[in-house]
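Student: Below is the structure I would like to discuss, written out as structure tokens.
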Amino acid sequence: MDSPIDELLASFHSVLSNALATHPKAELFAGLADRVANLGPARTVPASSNATVDTWLTPTVEVTSGPWVDLARKVLAATPESPWLRSYENLESSPQLDAFQQHYSFLLFAAPVYRGYEPPVLANDMLIGFTLQEPNVEYPAHHHGPAEIYGVISGHLEWQVGNTWTSVGPGDVIVHRSHESHAMYTGDEPVLTWVAWPTTEDGHVYMPSLDPDDMSMEPLVY
Ligand SMILES: [Fe+2]
């Protein structure tokens, strides 16, 4: 019988394949679904959690509706064997950073070894994760070299891409082109997403409002 990690990988592959089959910017992720199909099997790695996951993951999965309920359940089932991490641990603590960082977590799922954390699926040429953002939390505007594709599994939120704000919810897919600025604001609901980068090259994330000055650059706006 497949492990919960292998089951999550299979479910994610199906979701990603379907999302890319119809998305107008799918060419940014050409070949990614085929590469995901060749990942695995799962490895046993140290699991980790935090207050965001301990408090919010189960209730978020329980209220999930829409096309990816099965994926949500598989994220929950895989969690006892998964590293759920905090973001931007390399940045200096500040009230603004803490307001985001302590209320957001991501599951490092398929990736290279990342800052010493072992992903349960080793993948040297892509990054696949799941994110959990608590209610009323701002993920500040940021950008990065790799294109990025998100899918909203559970909850509704406001998503900024460039100068455009959109209300999104379960089943919606959001694509960021290279260095396209994006920010996410939750309202009353926690939000669970899946996310994929097609490459691990040039993975620095630029977050002008929180980066040290000497690492910042202005977000490009399209
Ligand atoms: Fe991003």
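By convention here, the chains of the structure tokens are called A, B, ... in the order presented, each chain's residues are numbered starting at 1, and ligands are numbered starting at 1 in the order presented.
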For Thr55 of chain A, list every protein, DNA or RNA residue within 12 Å, evaluated using only C-alpha atoms, and leave out those in the same chain fewer than 5 positions away; present the list as a PDB file with N, CA and C atoms, in the first residue's frame.

Tutor:
```pdb
ATOM      1  N   SER A  49       6.285  20.639  12.855  1.00  0.00           N
ATOM      2  CA  SER A  49       5.030  21.375  12.826  1.00  0.00           C
ATOM      3  C   SER A  49       5.210  22.677  13.599  1.00  0.00           C
ATOM      4  N   ASN A  50       4.157  23.433  13.705  1.00  0.00           N
ATOM      5  CA  ASN A  50       4.197  24.712  14.412  1.00  0.00           C
ATOM      6  C   ASN A  50       2.762  25.076  14.784  1.00  0.00           C
ATOM      7  N   THR A  60      -9.241  23.658   8.671  1.00  0.00           N
ATOM      8  CA  THR A  60      -9.242  24.126   7.275  1.00  0.00           C
ATOM      9  C   THR A  60      -9.626  22.988   6.335  1.00  0.00           C
ATOM     10  N   VAL A  61      -9.041  21.828   6.555  1.00  0.00           N
ATOM     11  CA  VAL A  61      -9.345  20.676   5.693  1.00  0.00           C
ATOM     12  C   VAL A  61     -10.802  20.256   5.865  1.00  0.00           C
ATOM     13  N   HIS A 103       2.315  33.341  11.346  1.00  0.00           N
ATOM     14  CA  HIS A 103       0.940  32.973  11.029  1.00  0.00           C
ATOM     15  C   HIS A 103       0.829  32.365   9.634  1.00  0.00           C
ATOM     16  N   TYR A 104       1.936  31.804   9.180  1.00  0.00           N
ATOM     17  CA  TYR A 104       2.006  31.223   7.836  1.00  0.00           C
ATOM     18  C   TYR A 104       2.989  30.059   7.893  1.00  0.00           C
ATOM     19  N   SER A 105       2.672  28.985   7.201  1.00  0.00           N
ATOM     20  CA  SER A 105       3.581  27.846   7.164  1.00  0.00           C
ATOM     21  C   SER A 105       3.499  27.183   5.804  1.00  0.00           C
ATOM     22  N   LEU A 132      -0.192  27.163   4.212  1.00  0.00           N
ATOM     23  CA  LEU A 132      -1.322  27.413   5.110  1.00  0.00           C
ATOM     24  C   LEU A 132      -1.157  28.807   5.691  1.00  0.00           C
ATOM     25  N   GLN A 133      -2.127  29.676   5.406  1.00  0.00           N
ATOM     26  CA  GLN A 133      -2.089  31.070   5.857  1.00  0.00           C
ATOM     27  C   GLN A 133      -3.293  31.322   6.750  1.00  0.00           C
ATOM     28  N   GLU A 134      -3.023  31.775   7.958  1.00  0.00           N
ATOM     29  CA  GLU A 134      -4.097  32.003   8.924  1.00  0.00           C
ATOM     30  C   GLU A 134      -5.004  33.154   8.472  1.00  0.00           C
ATOM     31  N   PRO A 135      -6.189  33.306   9.094  1.00  0.00           N
ATOM     32  CA  PRO A 135      -7.073  34.423   8.759  1.00  0.00           C
ATOM     33  C   PRO A 135      -6.414  35.773   9.070  1.00  0.00           C
ATOM     34  N   PRO A 190      -8.996  30.776   7.010  1.00  0.00           N
ATOM     35  CA  PRO A 190      -7.655  30.282   6.710  1.00  0.00           C
ATOM     36  C   PRO A 190      -7.635  29.784   5.271  1.00  0.00           C
TER      37      PRO A 190
END
```

Student: Using only C-alpha atoms and all ligand atoms, what are the residues with an atom within 12 Å of ligand 1, set out as a ChimeraX atom specification?

Tutor: /A:87,127-129,131,139-150,159-161,174-184,194-197,203-207,219

Student: Of the candidates A:Asn124, A:Thr193, A:Thr44, A:Asn136, which one gets nearest to Gly151 of chain A if we count only C-alpha atoms?

Tutor: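 Among the listed residues, A:Thr193 lies closest to Gly151 of chain A.
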
Student: From the set A:Pro198, A:Val36, A:Leu9, A:Ser154, which residue has the shortest atom-to-atom contact distance to Gly66 of chain A, counting only C-alpha atoms?

Tutor: A:Ser154

Student: If you run DSSP on this backbone, which residues of segment 85-147 of chain A come out as helix (DSSP H, G or I), and could you give them as an NGL selection string?

Tutor: :A and (95-101)

Student: When DSSP is applied to the backbone of this structure, which of segment 88-211 of chain A are assigned strand (DSSP E or B)? Write them out as a VMD selection string.

Tutor: chain A and resid 104 to 111 114 117 121 to 122 127 to 133 138 to 144 148 to 154 157 to 161 164 to 168 173 to 176 180 182 to 186 191 to 197 205 to 206

Student: Would you output that residue set with C-alpha atoms, as an mmCIF file, in the first residue's frame?

Tutor:
```cif
data_model
loop_
_atom_site.group_PDB
_atom_site.id
_atom_site.type_symbol
_atom_site.label_atom_id
_atom_site.label_comp_id
_atom_site.auth_asym_id
_atom_site.auth_seq_id
_atom_site.Cartn_x
_atom_site.Cartn_y
_atom_site.Cartn_z
ATOM 1 C CA TYR A 104 2.006 31.223 7.836
ATOM 2 C CA SER A 105 3.581 27.846 7.164
ATOM 3 C CA PHE A 106 4.541 25.733 4.171
ATOM 4 C CA LEU A 107 4.948 22.018 3.728
ATOM 5 C CA LEU A 108 8.247 21.335 1.963
ATOM 6 C CA PHE A 109 7.043 18.451 -0.198
ATOM 7 C CA ALA A 110 9.111 17.859 -3.349
ATOM 8 C CA ALA A 111 12.320 19.876 -3.461
ATOM 9 C CA TYR A 114 16.283 23.154 1.676
ATOM 10 C CA TYR A 117 15.394 20.453 5.832
ATOM 11 C CA VAL A 121 10.128 13.657 -2.016
ATOM 12 C CA LEU A 122 13.580 14.543 -3.276
ATOM 13 C CA LEU A 127 9.877 22.950 -5.765
ATOM 14 C CA ILE A 128 6.417 21.728 -4.783
ATOM 15 C CA GLY A 129 4.762 22.651 -1.552
ATOM 16 C CA PHE A 130 1.545 23.369 0.258
ATOM 17 C CA THR A 131 0.912 26.574 2.176
ATOM 18 C CA LEU A 132 -1.322 27.413 5.110
ATOM 19 C CA GLN A 133 -2.089 31.070 5.857
ATOM 20 C CA GLU A 138 -0.849 39.685 4.839
ATOM 21 C CA TYR A 139 1.823 37.915 2.833
ATOM 22 C CA PRO A 140 3.702 41.047 1.712
ATOM 23 C CA ALA A 141 4.449 41.736 -1.944
ATOM 24 C CA HIS A 142 7.433 39.796 -3.236
ATOM 25 C CA HIS A 143 8.870 38.407 -6.448
ATOM 26 C CA HIS A 144 11.441 35.927 -7.707
ATOM 27 C CA GLU A 148 5.179 30.016 -10.042
ATOM 28 C CA ILE A 149 1.766 28.368 -10.132
ATOM 29 C CA TYR A 150 -0.616 28.276 -7.171
ATOM 30 C CA GLY A 151 -3.948 26.577 -6.675
ATOM 31 C CA VAL A 152 -6.348 27.537 -3.886
ATOM 32 C CA ILE A 153 -7.440 24.339 -2.143
ATOM 33 C CA SER A 154 -9.496 25.872 0.663
ATOM 34 C CA LEU A 157 -8.563 35.501 -0.165
ATOM 35 C CA GLU A 158 -7.446 38.594 -2.046
ATOM 36 C CA TRP A 159 -4.538 38.022 -4.423
ATOM 37 C CA GLN A 160 -2.457 40.799 -5.917
ATOM 38 C CA VAL A 161 -0.481 40.177 -9.092
ATOM 39 C CA THR A 164 -4.334 43.698 -10.257
ATOM 40 C CA TRP A 165 -6.321 42.481 -7.256
ATOM 41 C CA THR A 166 -8.494 39.398 -7.565
ATOM 42 C CA SER A 167 -10.744 37.553 -5.128
ATOM 43 C CA VAL A 168 -9.956 33.865 -5.419
ATOM 44 C CA VAL A 173 -5.267 28.811 -10.256
ATOM 45 C CA ILE A 174 -2.890 31.784 -10.104
ATOM 46 C CA VAL A 175 0.288 32.107 -12.175
ATOM 47 C CA HIS A 176 3.152 34.514 -11.527
ATOM 48 C CA GLU A 180 6.030 39.503 -11.268
ATOM 49 C CA HIS A 182 2.487 39.228 -5.852
ATOM 50 C CA ALA A 183 0.895 39.475 -2.410
ATOM 51 C CA MET A 184 -1.846 37.511 -0.635
ATOM 52 C CA TYR A 185 -4.274 38.792 1.988
ATOM 53 C CA THR A 186 -6.546 36.467 3.901
ATOM 54 C CA VAL A 191 -6.339 29.401 3.269
ATOM 55 C CA LEU A 192 -4.655 26.216 2.081
ATOM 56 C CA THR A 193 -2.902 26.194 -1.299
ATOM 57 C CA TRP A 194 -0.666 24.067 -3.467
ATOM 58 C CA VAL A 195 2.287 25.710 -5.187
ATOM 59 C CA ALA A 196 4.927 24.684 -7.718
ATOM 60 C CA TRP A 197 8.089 26.207 -9.201
ATOM 61 C CA VAL A 205 12.758 35.735 -3.080
ATOM 62 C CA TYR A 206 12.809 39.523 -3.052
#
```

Student: Which residue is closest to Met126 of chain A? Choose from A:Phe29, A:Trp84, A:Trp56, A:Phe12 and count only C-alpha atoms.

Tutor: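 Distance minimum relative to Met126 of chain A lands on A:Phe29.
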